[in-house]
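Visitor: Got a structure for you, questions after.
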4 protein chains.
Amino acid sequence: MTSTDSLRELTQRVREFRDQRTWERFHDPKNLVMALSSEVGELSALLRWVDNADADDRVRGELRGRFVAEVGDVGILLLGLCDRAGIDLGEAVSSKLLANEGAYPVDAASGRAERPTQ
Amino acid sequence: MTSTDSLRELTQRVREFRDQRTWERFHDPKNLVMALSSEVGELSALLRWVDNADADDRVRGELRGRFVAEVGDVGILLLGLCDRAGIDLGEAVSSKLLANEGAYPVDAASGRAERPTQ
Amino acid sequence: MTSTDSLRELTQRVREFRDQRTWERFHDPKNLVMALSSEVGELSALLRWVDNADADDRVRGELRGRFVAEVGDVGILLLGLCDRAGIDLGEAVSSKLLANEGAYPVDAASGRAERPTQ
Amino acid sequence: MTSTDSLRELTQRVREFRDQRTWERFHDPKNLVMALSSEVGELSALLRWVDNADADDRVRGELRGRFVAEVGDVGILLLGLCDRAGIDLGEAVSSKLLANEGAYPVDAASGRAERPTQ
């Protein structure tokens, strides 16, 4: 399967995969969110004992294959969730970035973690 | 901010948002995975007491706004993680779908949850 | 190892296990929270495609062994986190129940999910 | 509410809190695991941008109150889940520690993260 830059094309592939297996009845939003928790948990498993300073090297080095595979799972589930819920992921991301512009003005947020007290 | 179907364009927007705030040092793969857990946890919070049968209506109805906002957060973090780790999300998704074709052949998987015993 | 009803005794066992392996330097609160996400993700994996109505039977039936093992992991990590952070789990639970008494008065909350709009 | 060291006593308090609000029908194992994901996500939110080296000070310092409250929520849900599923948490923890003795022999595991390649 060739790569693509298009969210619509990727979503189409995810939907076809699901429909060929008639998995629609399992893939309601609740189950998909739970599956997403599970796959993000797999990403956490890979990095839980790794220091921040080593994380970049690890995901580009020895963890590469497993990390990319888990990222693929998270992507598949997120696209499937958006498809099921009638959400345009590009729009959701763009809208949230716009909202975040207001919540984290450049001057106040510069060089500080998102929420200073956290 | 207008919507877009292009992963590259979305990634570019996420990167600019981060760089304007000089957040690179916080956004290593470990911290981003932890942030992803946190935002997927927000999605779980929205659906934890909802029955499967009601989940579609809820995310298209009264939960719509909050659900889309949390999906936006998950998308931002996933794109930021891929950008940081040098992963092409379209490729990761396509490769994983291909691998899943082998793991879940249409005949055997049709109409059954991904892992029958689970 | 015999069972015990005492949180202090369980915590003592968790600490000994860790110390025998000199894992103190890995087990800071950040890493332990990430490990907790990972193990709760394993519980999510077991139930993600199961309907609410079937969940009780599944965790008492075919999923029993794996479910108990994952619950054990979550317990070990939660006790280890409390030990590391100087938190008395019995006190944290009791205090939160008390706070919840105020947040969810019996009359208003009776028979409704914790947060009605969710 | 006074603190206690007894798991049975804590479980009894969690059960009474639930029953007074007739929440049994919401608290099946699937929903409780989803709620657990959500609350562990809150713990992740508190530490996501914090370095490992600062995590101990933060949870004992400025994050103390919020951290203890979230640990309380995780504890309540874990005890509620065990109660619902007929699991003795003390036994689950003890059995898993015993299994881990075999999986991580002291000599091999000493001073290394649980899974060296991760």
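Please note that chains go A, B, ... in the order of the structure tokens, that every chain numbers its residues from 1, and that ligands are numbered from 1 in the order shown.
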Taking 6 positions as the minimum chain separation for residues in the same chain, which residues sit within 12 Å of Ala53 in chain B when counting only C-alpha atoms? Answer as JSON, numbers by chain.

Guide: {"A": [25, 26, 27, 28, 29, 30, 31], "B": [47, 59], "C": [51, 52, 53]}

Visitor: Can you write out the residues you just picked, keeping N, CA, C and O atoms, as an mmCIF file, in the first residue's frame?

Guide:
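Output below, filename selection-v3.cif:
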```cif
data_model
loop_
_atom_site.group_PDB
_atom_site.id
_atom_site.type_symbol
_atom_site.label_atom_id
_atom_site.label_comp_id
_atom_site.auth_asym_id
_atom_site.auth_seq_id
_atom_site.Cartn_x
_atom_site.Cartn_y
_atom_site.Cartn_z
ATOM 1 N N ARG A 25 -20.139 -2.993 13.811
ATOM 2 C CA ARG A 25 -20.880 -3.060 15.081
ATOM 3 C C ARG A 25 -19.975 -3.009 16.318
ATOM 4 O O ARG A 25 -20.417 -2.664 17.414
ATOM 5 N N PHE A 26 -18.701 -3.371 16.161
ATOM 6 C CA PHE A 26 -17.766 -3.249 17.284
ATOM 7 C C PHE A 26 -17.199 -1.831 17.385
ATOM 8 O O PHE A 26 -16.781 -1.386 18.444
ATOM 9 N N HIS A 27 -17.157 -1.147 16.231
ATOM 10 C CA HIS A 27 -16.429 0.127 16.186
ATOM 11 C C HIS A 27 -17.287 1.346 16.470
ATOM 12 O O HIS A 27 -17.280 2.315 15.717
ATOM 13 N N ASP A 28 -18.026 1.299 17.578
ATOM 14 C CA ASP A 28 -18.724 2.514 18.002
ATOM 15 C C ASP A 28 -17.729 3.409 18.744
ATOM 16 O O ASP A 28 -16.635 2.962 19.118
ATOM 17 N N PRO A 29 -18.078 4.676 18.964
ATOM 18 C CA PRO A 29 -17.121 5.609 19.571
ATOM 19 C C PRO A 29 -16.580 5.165 20.931
ATOM 20 O O PRO A 29 -15.407 5.382 21.232
ATOM 21 N N LYS A 30 -17.409 4.529 21.741
ATOM 22 C CA LYS A 30 -16.923 4.093 23.063
ATOM 23 C C LYS A 30 -15.823 3.047 22.926
ATOM 24 O O LYS A 30 -14.750 3.182 23.513
ATOM 25 N N ASN A 31 -16.081 2.028 22.116
ATOM 26 C CA ASN A 31 -15.079 0.976 21.929
ATOM 27 C C ASN A 31 -13.809 1.514 21.266
ATOM 28 O O ASN A 31 -12.695 1.101 21.616
ATOM 29 N N LEU B 47 -16.965 9.368 27.710
ATOM 30 C CA LEU B 47 -17.790 8.195 27.344
ATOM 31 C C LEU B 47 -17.827 7.092 28.398
ATOM 32 O O LEU B 47 -18.448 6.047 28.182
ATOM 33 N N VAL B 59 -21.937 11.413 20.893
ATOM 34 C CA VAL B 59 -20.817 12.180 20.324
ATOM 35 C C VAL B 59 -21.286 13.069 19.157
ATOM 36 O O VAL B 59 -20.588 14.003 18.778
ATOM 37 N N ASP C 51 -19.216 -5.811 25.059
ATOM 38 C CA ASP C 51 -20.339 -4.963 25.470
ATOM 39 C C ASP C 51 -20.426 -4.871 26.985
ATOM 40 O O ASP C 51 -20.047 -5.807 27.688
ATOM 41 N N ASN C 52 -20.995 -3.774 27.453
ATOM 42 C CA ASN C 52 -21.190 -3.606 28.890
ATOM 43 C C ASN C 52 -21.914 -4.815 29.496
ATOM 44 O O ASN C 52 -21.529 -5.312 30.558
ATOM 45 N N ALA C 53 -22.931 -5.280 28.792
ATOM 46 C CA ALA C 53 -23.766 -6.358 29.323
ATOM 47 C C ALA C 53 -23.002 -7.672 29.484
ATOM 48 O O ALA C 53 -23.407 -8.544 30.261
#
```

Visitor: With a cut-off of 8 Å and counting only C-alpha atoms, select all residues of chain A in contact with chain C and give the selection as a PyMOL selection string.

Guide: chain A and resi 26-27+31-32+34-35+37-45+48-49

Visitor: Quick one: everything within 10 Å of Lys96 in chain B, counting only C-alpha atoms, minus sequence neighbours fewer than 4 positions away in the same chain. Send it as JSON, numbers by chain.

Guide: {"A": [1, 68, 69, 70, 71, 72, 73, 75, 76], "B": [91, 92, 100, 101]}

Visitor: With N, CA, C and O atoms kept, could you save the residues just selected as an mmCIF file, in the first residue's frame?

Guide:
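Output file part.cif follows:
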```cif
data_model
loop_
_atom_site.group_PDB
_atom_site.id
_atom_site.type_symbol
_atom_site.label_atom_id
_atom_site.label_comp_id
_atom_site.auth_asym_id
_atom_site.auth_seq_id
_atom_site.Cartn_x
_atom_site.Cartn_y
_atom_site.Cartn_z
ATOM 1 N N MET A 1 0.849 -1.189 0.000
ATOM 2 C CA MET A 1 0.000 0.000 0.000
ATOM 3 C C MET A 1 0.889 1.245 0.000
ATOM 4 O O MET A 1 1.740 1.399 0.879
ATOM 5 N N VAL A 68 6.993 2.897 15.425
ATOM 6 C CA VAL A 68 6.238 3.235 14.209
ATOM 7 C C VAL A 68 4.979 2.377 14.094
ATOM 8 O O VAL A 68 3.902 2.868 13.725
ATOM 9 N N ALA A 69 5.100 1.098 14.455
ATOM 10 C CA ALA A 69 3.927 0.212 14.386
ATOM 11 C C ALA A 69 2.825 0.679 15.342
ATOM 12 O O ALA A 69 1.640 0.682 14.993
ATOM 13 N N GLU A 70 3.215 1.086 16.545
ATOM 14 C CA GLU A 70 2.203 1.538 17.519
ATOM 15 C C GLU A 70 1.606 2.879 17.088
ATOM 16 O O GLU A 70 0.406 3.125 17.267
ATOM 17 N N VAL A 71 2.439 3.757 16.543
ATOM 18 C CA VAL A 71 1.930 5.029 16.014
ATOM 19 C C VAL A 71 0.920 4.743 14.895
ATOM 20 O O VAL A 71 -0.119 5.408 14.794
ATOM 21 N N GLY A 72 1.207 3.749 14.082
ATOM 22 C CA GLY A 72 0.268 3.352 13.027
ATOM 23 C C GLY A 72 -1.077 2.929 13.605
ATOM 24 O O GLY A 72 -2.133 3.337 13.116
ATOM 25 N N ASP A 73 -1.035 2.138 14.677
ATOM 26 C CA ASP A 73 -2.283 1.710 15.331
ATOM 27 C C ASP A 73 -3.074 2.906 15.870
ATOM 28 O O ASP A 73 -4.300 2.959 15.733
ATOM 29 N N GLY A 75 -2.945 5.954 14.819
ATOM 30 C CA GLY A 75 -3.472 6.688 13.665
ATOM 31 C C GLY A 75 -4.711 6.022 13.075
ATOM 32 O O GLY A 75 -5.711 6.692 12.781
ATOM 33 N N ILE A 76 -4.644 4.705 12.909
ATOM 34 C CA ILE A 76 -5.790 3.960 12.373
ATOM 35 C C ILE A 76 -7.037 4.177 13.242
ATOM 36 O O ILE A 76 -8.127 4.451 12.744
ATOM 37 N N GLU B 91 2.407 7.002 6.070
ATOM 38 C CA GLU B 91 3.127 5.763 5.813
ATOM 39 C C GLU B 91 2.944 4.767 6.964
ATOM 40 O O GLU B 91 2.759 3.568 6.732
ATOM 41 N N ALA B 92 2.993 5.280 8.194
ATOM 42 C CA ALA B 92 2.824 4.405 9.364
ATOM 43 C C ALA B 92 1.447 3.751 9.349
ATOM 44 O O ALA B 92 1.313 2.554 9.626
ATOM 45 N N ASN B 100 -1.879 -5.609 9.149
ATOM 46 C CA ASN B 100 -3.134 -6.139 9.693
ATOM 47 C C ASN B 100 -3.890 -7.011 8.694
ATOM 48 O O ASN B 100 -4.643 -7.899 9.087
ATOM 49 N N GLU B 101 -3.680 -6.742 7.410
ATOM 50 C CA GLU B 101 -4.284 -7.607 6.378
ATOM 51 C C GLU B 101 -3.841 -9.047 6.611
ATOM 52 O O GLU B 101 -4.623 -9.993 6.479
#
```

Visitor: Applying 12 Å and only C-alpha atoms, which residues near Arg8 in chain B remain after dropping the ones on its own chain fewer than 5 positions away? List them as a list in words.

Guide: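 Here the qualifying residues turn out to be Thr4, Asp5, Ser6, Leu7 and Gly90 of chain A; Arg13, Val14, Arg15, Leu79, Gly80, Cys82, Asp83, Ile87, Asp88, Leu89 and Gly90 of chain B.
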
Visitor: Save the residues we just selected, all heavy atoms, as a compact mmCIF listing (two decimals), in the first residue's frame?

Guide:
```
# COMPACT_ATOMS: atom_id res chain seq x y z
N THR A 4 0.40 8.15 1.51
CA THR A 4 -0.38 9.26 0.97
C THR A 4 -0.36 10.39 1.97
O THR A 4 -0.19 10.16 3.17
CB THR A 4 -1.85 8.85 0.71
OG1 THR A 4 -2.59 10.02 0.34
CG2 THR A 4 -2.48 8.26 1.96
N ASP A 5 -0.50 11.60 1.48
CA ASP A 5 -0.53 12.77 2.35
C ASP A 5 -1.97 13.17 2.68
O ASP A 5 -2.21 14.06 3.49
CB ASP A 5 0.18 13.93 1.64
CG ASP A 5 0.24 15.18 2.50
OD1 ASP A 5 0.69 15.05 3.66
OD2 ASP A 5 -0.16 16.25 2.02
N SER A 6 -2.92 12.49 2.05
CA SER A 6 -4.32 12.91 2.16
C SER A 6 -5.08 12.20 3.29
O SER A 6 -5.18 10.96 3.32
CB SER A 6 -5.03 12.64 0.82
OG SER A 6 -6.43 12.62 1.00
N LEU A 7 -5.64 12.98 4.21
CA LEU A 7 -6.44 12.41 5.29
C LEU A 7 -7.65 11.65 4.75
O LEU A 7 -8.02 10.61 5.27
CB LEU A 7 -6.93 13.52 6.23
CG LEU A 7 -5.91 14.01 7.25
CD1 LEU A 7 -6.41 15.28 7.93
CD2 LEU A 7 -5.67 12.93 8.30
N GLY A 90 -8.77 17.19 10.04
CA GLY A 90 -8.04 18.40 9.67
C GLY A 90 -8.68 19.64 10.27
O GLY A 90 -7.98 20.55 10.74
N ARG B 13 1.54 23.37 10.60
CA ARG B 13 0.85 24.27 11.52
C ARG B 13 1.15 23.92 12.98
O ARG B 13 1.34 24.79 13.82
CB ARG B 13 -0.66 24.17 11.30
CG ARG B 13 -1.10 24.73 9.98
CD ARG B 13 -2.61 24.58 9.81
NE ARG B 13 -3.01 24.95 8.45
CZ ARG B 13 -4.24 24.91 7.98
NH1 ARG B 13 -5.22 24.53 8.78
NH2 ARG B 13 -4.51 25.25 6.74
N VAL B 14 1.18 22.62 13.27
CA VAL B 14 1.49 22.17 14.64
C VAL B 14 2.91 22.59 15.01
O VAL B 14 3.17 23.08 16.12
CB VAL B 14 1.33 20.63 14.75
CG1 VAL B 14 1.89 20.11 16.07
CG2 VAL B 14 -0.14 20.25 14.60
N ARG B 15 3.83 22.42 14.05
CA ARG B 15 5.23 22.77 14.32
C ARG B 15 5.39 24.27 14.57
O ARG B 15 6.10 24.70 15.47
CB ARG B 15 6.12 22.32 13.16
CG ARG B 15 7.60 22.37 13.51
CD ARG B 15 8.46 22.11 12.29
NE ARG B 15 8.04 20.90 11.60
CZ ARG B 15 7.94 20.79 10.28
NH1 ARG B 15 8.26 21.80 9.49
NH2 ARG B 15 7.54 19.66 9.74
N LEU B 79 0.39 14.32 15.61
CA LEU B 79 1.17 14.94 14.52
C LEU B 79 2.50 15.48 15.06
O LEU B 79 3.54 15.36 14.41
CB LEU B 79 0.36 16.06 13.87
CG LEU B 79 -0.86 15.60 13.05
CD1 LEU B 79 -1.77 16.78 12.74
CD2 LEU B 79 -0.40 14.93 11.75
N GLY B 80 2.45 16.07 16.24
CA GLY B 80 3.68 16.61 16.84
C GLY B 80 4.66 15.49 17.17
O GLY B 80 5.88 15.64 17.01
N CYS B 82 4.85 12.53 15.62
CA CYS B 82 5.41 12.02 14.36
C CYS B 82 6.48 12.97 13.83
O CYS B 82 7.55 12.54 13.40
CB CYS B 82 4.29 11.86 13.32
SG CYS B 82 3.23 10.45 13.66
N ASP B 83 6.20 14.26 13.90
CA ASP B 83 7.16 15.26 13.44
C ASP B 83 8.47 15.14 14.22
O ASP B 83 9.56 15.10 13.65
CB ASP B 83 6.54 16.65 13.62
CG ASP B 83 7.36 17.73 12.97
OD1 ASP B 83 7.90 17.50 11.86
OD2 ASP B 83 7.48 18.83 13.56
N ILE B 87 8.59 10.45 11.78
CA ILE B 87 7.68 9.42 11.27
C ILE B 87 6.67 10.05 10.32
O ILE B 87 6.08 11.09 10.64
CB ILE B 87 6.92 8.72 12.43
CG1 ILE B 87 7.90 7.93 13.32
CG2 ILE B 87 5.82 7.80 11.90
CD1 ILE B 87 7.28 7.38 14.59
N ASP B 88 6.48 9.43 9.17
CA ASP B 88 5.45 9.86 8.22
C ASP B 88 4.16 9.14 8.62
O ASP B 88 4.06 7.92 8.47
CB ASP B 88 5.90 9.44 6.80
CG ASP B 88 4.89 9.84 5.74
OD1 ASP B 88 3.68 9.64 5.95
OD2 ASP B 88 5.32 10.32 4.68
N LEU B 89 3.20 9.89 9.15
CA LEU B 89 1.98 9.26 9.68
C LEU B 89 1.22 8.50 8.60
O LEU B 89 0.70 7.40 8.85
CB LEU B 89 1.08 10.31 10.34
CG LEU B 89 -0.22 9.78 10.98
CD1 LEU B 89 0.04 8.74 12.04
CD2 LEU B 89 -1.04 10.93 11.57
N GLY B 90 1.15 9.06 7.40
CA GLY B 90 0.45 8.37 6.30
C GLY B 90 1.08 7.02 6.00
O GLY B 90 0.38 6.04 5.74
```

Visitor: Would you work out the distance separating CA of Glu24 in chain B from CA of Gly111 in chain A, expressed in Å to one decimal?

Guide: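 About the pair CA of Glu24 in chain B and CA of Gly111 in chain A: they are 8.5 Å apart.
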
Visitor: Give me the residues near Phe17 in chain A as number ranges by chain, where near means some atom within 12 Å (using only C-alpha atoms) and where sequence neighbours in that chain fewer than 2 positions away do not count.

Guide: A: 10-15, 19-24, 76-77, 80; B: 93-94, 96-102, 104-106, 109-110, 114
